[in-house]
Amino acid sequence: MRSVRALGVAALVMLALPDPTMAGEPKAGGILRIYHRDSPGSASIHEGATYSINIPFMPVFNNLVIFDQHIAQNSTQTLRPELAESWAWNDDGRTLTFKLRKDVKWHDGKPFTSADVKCTFDMLMGKSQQKFRQNPRKSWYDEVNEVTVNGDYEASFNLKRPQPALLSLLASGYTPVYPCHVSPADMRTKPIGTGPFKFVEFKANESIKLTKNTDYWKKGLPYLDGIEFTIITNRSTAVLAFVSGKFDMTFPTHITIPLLKDVKSQAPNATCVVEPVNVSTNIIVNSSAPPFDNIDVRRAMAMSLDRKSFISIMLEGQGDVGGTMLPAPAGLWAMPKEMLEKIPGYGPDVNANREEAKKLMQKAGYGPDKHLAVKVSTRNLAEYRDPAVILIDQLKSIYIDGELDVVDTAQWFPKVARKDYSLGLNLTGNAVDDPDQSFYENYSCGSERNYTNYCNKEIEKLFDQQSIETDVDKRKKLVWEIDKRLQEDVARPIIFHARAGTCWQPYVKNVTIMSNSSYNGYRYEDVWMDK
Amino acid sequence: MLVTLFGISVIIFVLLRVVPGNIVDILFDAAGFVDPADKANLEKELGLSQPIVVQYFTWISGLLHGDLGYSYVSEKPALQEILPRIPITARLAGLALLFSASIGIPLGVISAVHQGTKLDYTLRVISLSGLSLPSFWLGLLVLMASVSLFGAMPIFNPNPKTWTEAFAIYAVPAMAVGFRSAALTMRITRSSMLEILRQDYIRTARAKGASETSVNYHHALKNAVLPVITVIGIEAAFLIGGLIVTETVFNIPGIARFLVEALRWRDYPIVQNLVMFTACVVVFTNFVVDLLYAAIDPRIRYGD
């Protein structure tokens, strides 16, 4: 009885003690110091397609809507109003109307109005006089006919057909609203936003500095006085600097799984999380020329993959096997495991898969005495090169002798566009965990990022069918079917989906790393430091 | 000298354009695709669609008028991007050379004077290791050691608060990059000194009762230092290569790291002007070395 009482007292004492992991009352002040992995090409989010731009510049802007910055899994349930106070679809699902906030000012003091919304999306759709140098996400707005305004504080997106996923695309970190009165050239060098932090300076290869927007429309925010990104391209130096306390946070999802152990051992108090990055490592196949114009050879190649070995070697087991859509539980649209395992090459018995693959190769005229020699092209970056080497090793098991063809970054996409490759090892990142973004961008006939020119009109119809479907359960079933068929067609065989780590010092509070996208969680308006 | 610089400018310009890909390819690389129409527009906007000869003369005429063009990446004047980085690299290179000379020459003399002793062998092993260890490895080792021993690391800060911080910011990387150079200087000094110490006039100096210090440092070193100056001059030119790695490892925003980044982006205005600047430094250093020869050895006279 005494021991029970002692246990009770101990429990009460434990409850009374402050939990170090719990964030207390937010404190204002301090500069959040983060290292940046490289020097971004510009400060204009709309002109980039890398999170090297998103992360430092997302705090400068606001979107119409945004994914809740403290719920790791982005979904339609986590959409929150930002520059829009509210939104509504009309009855036929073809018009999405936003009521805009009236108390918002740009960092240069000019008022934010619906004209800015129209300007931004007209420019993204290529309809305005002013043009972006590059417009990598133009296809996101293919179904938008026009953006119209009704007074200064209402803007409507008029669609060609219903597209419920449009809201998710608008909530991405890739979709900030730009000011009408600032040119795209100026937005590349000194961006003006409405966000919690103002741009101070961007010194190429050196640093990016942001300061608190004291006139932010969310009163009392941000808590931080500023954010400073120091550009450190050498990963070892960057991690050592974090460990030594020079930085409050690592560059998000920059810590590889093998490196995470080092960080944890050298900075045991640091908080580290590992999350999927929604970037798949996959194979692009040139199906317009021999030998991969033969579907049997393509299928054999896909069936030879031992995906778990890739994950074990490269990520110490911390990766996921899946199709095009990010695997569950982080991914919202992944097909169930039992369905996935029925796809040729995804079954758990790798040897059996390879025996099947060998038969297909023999049918195509190859065998132990006649090997197929191919070049496996990839970019000269470790995250591309390393899996390419493993792929070459695995292809040997089905009479394919691969040779690594490392391509300079400047030459990679021109080479792919010329179809000057047989097999390519590629990485595909998804900004939003939504099939519309993934399917249309990577597999739609004529899409710029459909590197293999895979074109299946039948599947294309299914793309549209899922896109207009408002019932989530029905849409999921359609998405699974599409994903399954894409894998069966060897459109772009997915090898694995990677995970990566982010660490921050224990006094940094309110940081949430998104679990199904690396592009949407960096507004940092309520991040604070307990020191 | 002008002919040399003209030749260098042509070589830089042509080589840069022989490398496949340009800034537009890199920009589209980030976008994940290449749009031929947008690519053509951007090439026109940046002047890359002009004939190569026109591009060359545009650059050279601008250079002669002090207009270095605009960085393709930052869209700022190239001069504005390059100028603030020069003192950083100059400080680092100067310190590295100082370290190299102040360590390499005395140790070379000591090693030569004590030829065949344990001290000589120890110094030779140290100098050999200096030549063998890559500076990036040494730099990383220094960083790891400082984190593990002191819980801090000398990473670049444009506004150091204390002189010790300022010293650590430059001195530690300068030592990392200067170690190789110091080792080379030491070996050259040693072999040169050994040769001189066998000369008749050294024996005469000793016979006349000059002290060992006077013999070694006054009579011998003065004559042994000529090849050392040549080596230091060459090392000053090659230092830029070592600094690329050191500036990357220690995250120092100097011109060496900037040059590599600019090359990665095919930022022609930055690369062309930086390489041209480096070439000018090398040519000037050679000129200074030649002048030093004459100052140190009165037998060498130019224009007689």
# chains A, B, ... in the order shown; residues from 1 in each chain; ligands from 1

$ residues_around --residues "Glu403 (chain A)" --least-positions-apart "4" --cutoff "8 Å" --atoms "only C-alpha atoms" --output "PyMOL selection string"
chain A and resi 373-376+392

$ residues_around --residues "Val10 (chain B)" --least-positions-apart "3" --cutoff "12 Å" --atoms "only C-alpha atoms" --output "list in words"
Val3, Thr4, Leu5, Phe6, Gly7, Phe13, Val14, Leu15, Leu16, Arg17, Ile52, Val53, Gln55, Tyr56, Phe57, Trp59, Ile60, Gln272, Val275 and Met276 of chain B

$ atom_distance --atom1 "CA of Ser288 (chain A)" --atom2 "CA of Val416 (chain A)"
12.3 Å

$ closest_residue --among "B:Trp137, B:Tyr293, B:Phe277, B:Phe287" --to "chain A" --atoms "only C-alpha atoms"
B:Trp137

$ atom_distance --atom1 "CA of Asp420 (chain A)" --atom2 "CA of Ile26 (chain B)"
18.1 Å

$ select_by_dssp --residues "region 132-228 of chain A" --states "alpha helix (DSSP H)" --output "list in words"
Leu166, Leu167, Ser168, Leu169, Leu170, Pro184, Ala185, Asp186, Met187, Arg188 and Thr189 of chain A

$ residues_around --residues "Val228 (chain B)" --least-positions-apart "4" --cutoff "8 Å" --atoms "only C-alpha atoms" --output "number ranges by chain"
B: 185, 188-189, 224, 232

$ residues_around --residues "Val113 (chain B)" --least-positions-apart "6" --cutoff "12 Å" --atoms "only C-alpha atoms" --output "PyMOL selection string"
chain B and resi 106-107+119-120+123+189-198+212-213+215-217+220-221

$ residues_around --residues "region 43-49 of chain B" --least-positions-apart "3" --cutoff "10 Å" --atoms "only C-alpha atoms" --output "count of residues only"
17

$ residues_around --residues "Ile513 (chain A)" --least-positions-apart "4" --cutoff "9 Å" --atoms "only C-alpha atoms" --output "PyMOL selection string"
chain A and resi 69-72+252-253+273-275+502+517-518+521-522

$ write_last_selection --atoms "N, CA and C atoms" --output "PDB file, in the first residue's frame"
ATOM      1  N   GLN A  69      -0.051  25.208 -40.692  1.00  0.00           N
ATOM      2  CA  GLN A  69       1.400  25.071 -40.540  1.00  0.00           C
ATOM      3  C   GLN A  69       1.807  24.183 -39.363  1.00  0.00           C
ATOM      4  N   HIS A  70       0.809  23.719 -38.607  1.00  0.00           N
ATOM      5  CA  HIS A  70       1.157  22.846 -37.480  1.00  0.00           C
ATOM      6  C   HIS A  70       0.504  21.473 -37.557  1.00  0.00           C
ATOM      7  N   ILE A  71      -0.028  21.133 -38.717  1.00  0.00           N
ATOM      8  CA  ILE A  71      -0.503  19.767 -38.935  1.00  0.00           C
ATOM      9  C   ILE A  71       0.387  19.194 -40.040  1.00  0.00           C
ATOM     10  N   ALA A  72       1.117  18.151 -39.682  1.00  0.00           N
ATOM     11  CA  ALA A  72       2.173  17.674 -40.590  1.00  0.00           C
ATOM     12  C   ALA A  72       1.624  17.155 -41.914  1.00  0.00           C
ATOM     13  N   PRO A 252      15.795  22.510 -43.572  1.00  0.00           N
ATOM     14  CA  PRO A 252      14.789  21.447 -43.463  1.00  0.00           C
ATOM     15  C   PRO A 252      15.036  20.278 -44.422  1.00  0.00           C
ATOM     16  N   THR A 253      14.847  19.091 -43.886  1.00  0.00           N
ATOM     17  CA  THR A 253      15.012  17.792 -44.581  1.00  0.00           C
ATOM     18  C   THR A 253      16.366  17.667 -45.301  1.00  0.00           C
ATOM     19  N   VAL A 273      13.541  15.323 -36.333  1.00  0.00           N
ATOM     20  CA  VAL A 273      12.415  14.536 -36.856  1.00  0.00           C
ATOM     21  C   VAL A 273      12.780  14.024 -38.241  1.00  0.00           C
ATOM     22  N   VAL A 274      12.248  12.852 -38.542  1.00  0.00           N
ATOM     23  CA  VAL A 274      12.443  12.273 -39.874  1.00  0.00           C
ATOM     24  C   VAL A 274      11.076  12.168 -40.528  1.00  0.00           C
ATOM     25  N   GLU A 275      10.947  12.724 -41.700  1.00  0.00           N
ATOM     26  CA  GLU A 275       9.652  12.700 -42.402  1.00  0.00           C
ATOM     27  C   GLU A 275       9.872  12.359 -43.874  1.00  0.00           C
ATOM     28  N   THR A 502      15.344  16.606 -40.092  1.00  0.00           N
ATOM     29  CA  THR A 502      15.519  18.031 -39.788  1.00  0.00           C
ATOM     30  C   THR A 502      15.776  18.128 -38.294  1.00  0.00           C
ATOM     31  N   SER A 517       4.933  16.718 -47.928  1.00  0.00           N
ATOM     32  CA  SER A 517       5.456  17.665 -48.901  1.00  0.00           C
ATOM     33  C   SER A 517       6.632  18.412 -48.293  1.00  0.00           C
ATOM     34  N   SER A 518       7.603  18.741 -49.121  1.00  0.00           N
ATOM     35  CA  SER A 518       8.756  19.510 -48.624  1.00  0.00           C
ATOM     36  C   SER A 518       8.639  20.969 -49.017  1.00  0.00           C
ATOM     37  N   GLY A 521       5.665  24.182 -45.745  1.00  0.00           N
ATOM     38  CA  GLY A 521       5.579  24.432 -44.298  1.00  0.00           C
ATOM     39  C   GLY A 521       6.561  25.440 -43.737  1.00  0.00           C
ATOM     40  N   TYR A 522       6.767  26.554 -44.400  1.00  0.00           N
ATOM     41  CA  TYR A 522       7.835  27.450 -43.940  1.00  0.00           C
ATOM     42  C   TYR A 522       7.393  28.894 -43.736  1.00  0.00           C
TER      43      TYR A 522
END
